[in-house]
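One structure is given below, encoded as structure tokens.
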Amino acid sequence: MNESNAPAGVPVHHGALLPLLGTDEEAVAFFAGIADLDATDPADHMLEDGIRLASGARLEQFARAGSGDAFCFVGEGGEERPVVYVSLDGEAGPLALGLPELVRLCLVAPWWRDAPGRTAGELQMVADEYREDMPDLDRRRDRAARALGLDPAGLPSEAAALARLVELSRGPVAAACLVVGHEGGPLDPLFSDAPDRP
């Protein structure tokens with residue numbers, strides 16, 4: 001990672017993305033402003049009472065969406081832990097195996113929340129609307145990627161990122177990351193109607 005991209009006073013370690021997501025100007029502008037992943041105020045990240053993993057493993061919120069939905073790490077460890085999304089609408093599910101994978105998803109498909117149940121053509125319309133509303137989306141994405149020490153040319157395609165969401169929602173990771181609510185029942189899956197692959 002290029003130290004010149006790191007904000008003053010934030011230690012730079014290879015693979016330490018979370019501090020940059022909360023403090024780097026370019027990263028915050030993209031992730032909080034475009035991808036709706038706000039990691040700027042860790043003290044403000046509190047899960048609702050009773051929300052937990054069925055396995056009993058730790059569920060640690062590290063960022064939130066503007067709606068109050070939560071991005072959480074599963075288990076113990078660092079940024080390599082699985083990431084689940086917990087919606088205030090009673091849905092939850094895995095998004096990535098580690099923060100680096102989540103970052104790549106948000107960079108290439110910041111509109112991923114619109115994916116459930118949509119066809120490839122409908123998803124392309126969502127992506128086109130994003131670009132119409134934000135003509136400089138790709139430039140802003142590339143600047144955020146570089147701020148995190150990532151080569152924009154090495155990012156996955158939108159189709160590959162969404163296919164990965166489908167894969168995670170249907171496999172053993174989904175079972176290991178099952179989130180239950182305060183009444184003890186499982187929350188609805190994020191991708192019960194997974195998007196068609198393009």
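Identifiers in this document derive from the order of the structure tokens: chains are assigned A, B, ..., residues are numbered from 1 separately in each chain, and ligands are numbered from 1 in order of occurrence.
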
Inset, instruction - Write out as a PyMOL selection string which residues come within 12 Å of Phe191 of chain A when counting only C-alpha atoms, dropping same-chain ones fewer than 6 positions away. - result: chain A and resi 85+91-95+112-118+162-171+174

Show me, as a Markdown table, the residues of segment 78-146 of chain A having an atom within 12 Å of segment 27-41 of chain A, each with the closest atom pair and its distance in Å, using only C-alpha atoms.
```
| residue | atom | partner | partner_atom | distance |
| --- | --- | --- | --- | --- |
| A:Tyr85 | CA | A:Leu37 | CA | 10.6 |
| A:Leu99 | CA | A:Leu37 | CA | 11.9 |
| A:Leu102 | CA | A:Leu37 | CA | 10.2 |
| A:Val103 | CA | A:Phe31 | CA | 8.6 |
| A:Arg104 | CA | A:Phe31 | CA | 10.9 |
| A:Leu105 | CA | A:Ala35 | CA | 9.5 |
| A:Cys106 | CA | A:Ala35 | CA | 5.8 |
| A:Leu107 | CA | A:Ala35 | CA | 7.5 |
| A:Val108 | CA | A:Ala35 | CA | 9.6 |
| A:Ala109 | CA | A:Ala35 | CA | 8.1 |
| A:Pro110 | CA | A:Ala35 | CA | 4.5 |
| A:Trp111 | CA | A:Ala35 | CA | 6.9 |
| A:Trp112 | CA | A:Ala35 | CA | 8.7 |
| A:Arg113 | CA | A:Ala35 | CA | 9.7 |
| A:Asp114 | CA | A:Ala35 | CA | 11.9 |
| A:Tyr130 | CA | A:Ile34 | CA | 9.4 |
| A:Arg131 | CA | A:Ile34 | CA | 11.2 |
| A:Asp133 | CA | A:Ile34 | CA | 11.0 |
| A:Met134 | CA | A:Ile34 | CA | 9.3 |
| A:Asp136 | CA | A:Phe30 | CA | 11.3 |
| A:Leu137 | CA | A:Ile34 | CA | 8.7 |
| A:Asp138 | CA | A:Phe30 | CA | 10.5 |
| A:Arg139 | CA | A:Phe30 | CA | 10.4 |
| A:Arg140 | CA | A:Phe30 | CA | 6.7 |
| A:Arg141 | CA | A:Phe30 | CA | 6.7 |
| A:Asp142 | CA | A:Phe30 | CA | 9.7 |
| A:Arg143 | CA | A:Ala27 | CA | 7.9 |
| A:Ala144 | CA | A:Ala27 | CA | 4.6 |
| A:Ala145 | CA | A:Ala27 | CA | 7.5 |
| A:Arg146 | CA | A:Ala27 | CA | 8.9 |
```

Can I get the selected residues back with C-alpha atoms, as a JSON list (two decimals), in the first residue's frame?
```
[["chain", "number", "residue", "atom", "x", "y", "z"],
["A", 85, "TYR", "CA", -25.30, -7.59, 6.14],
["A", 99, "LEU", "CA", -13.29, -7.03, 4.01],
["A", 102, "LEU", "CA", -16.58, -6.60, 0.31],
["A", 103, "VAL", "CA", -14.59, -3.55, -0.78],
["A", 104, "ARG", "CA", -14.30, -4.93, -4.30],
["A", 105, "LEU", "CA", -18.05, -5.68, -4.42],
["A", 106, "CYS", "CA", -18.91, -2.13, -3.35],
["A", 107, "LEU", "CA", -16.44, -0.62, -5.82],
["A", 108, "VAL", "CA", -17.78, -2.45, -8.88],
["A", 109, "ALA", "CA", -21.47, -2.76, -7.93],
["A", 110, "PRO", "CA", -22.35, -0.11, -5.31],
["A", 111, "TRP", "CA", -26.00, -0.81, -6.16],
["A", 112, "TRP", "CA", -25.74, -4.49, -5.07],
["A", 113, "ARG", "CA", -28.75, -4.10, -2.70],
["A", 114, "ASP", "CA", -30.97, -3.84, -5.78],
["A", 130, "TYR", "CA", -26.39, 4.85, -11.37],
["A", 131, "ARG", "CA", -24.06, 6.00, -14.13],
["A", 133, "ASP", "CA", -27.09, 10.00, -12.10],
["A", 134, "MET", "CA", -23.33, 10.00, -11.54],
["A", 136, "ASP", "CA", -18.09, 10.33, -13.04],
["A", 137, "LEU", "CA", -18.83, 7.08, -11.15],
["A", 138, "ASP", "CA", -15.95, 5.15, -12.71],
["A", 139, "ARG", "CA", -13.47, 7.96, -12.02],
["A", 140, "ARG", "CA", -14.60, 8.20, -8.40],
["A", 141, "ARG", "CA", -14.43, 4.41, -8.05],
["A", 142, "ASP", "CA", -10.87, 4.37, -9.39],
["A", 143, "ARG", "CA", -9.79, 7.14, -7.03],
["A", 144, "ALA", "CA", -11.29, 5.29, -4.05],
["A", 145, "ALA", "CA", -9.62, 2.05, -5.12],
["A", 146, "ARG", "CA", -6.22, 3.72, -5.37]]
```

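Each of A:Val126, A:Leu88, A:Ala153, A:Leu18 was compared to Ala63 of chain A using only C-alpha atoms, and A:Leu18 turns out to be the nearest.
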
Inset, instruction - Kindly indicate which residue among A:Glu101, A:Asp89, A:Asp44, A:Glu79 lies nearest to Gly181 of chain A, using only C-alpha atoms for the distances. - result: A:Asp89

Inset, instruction - Could you give me, as a PyMOL selection string, each residue of segment 82-119 of chain A that DSSP assigns to strand (DSSP E) when run on this structure's backbone? - result: chain A and resi 82-86+91-97
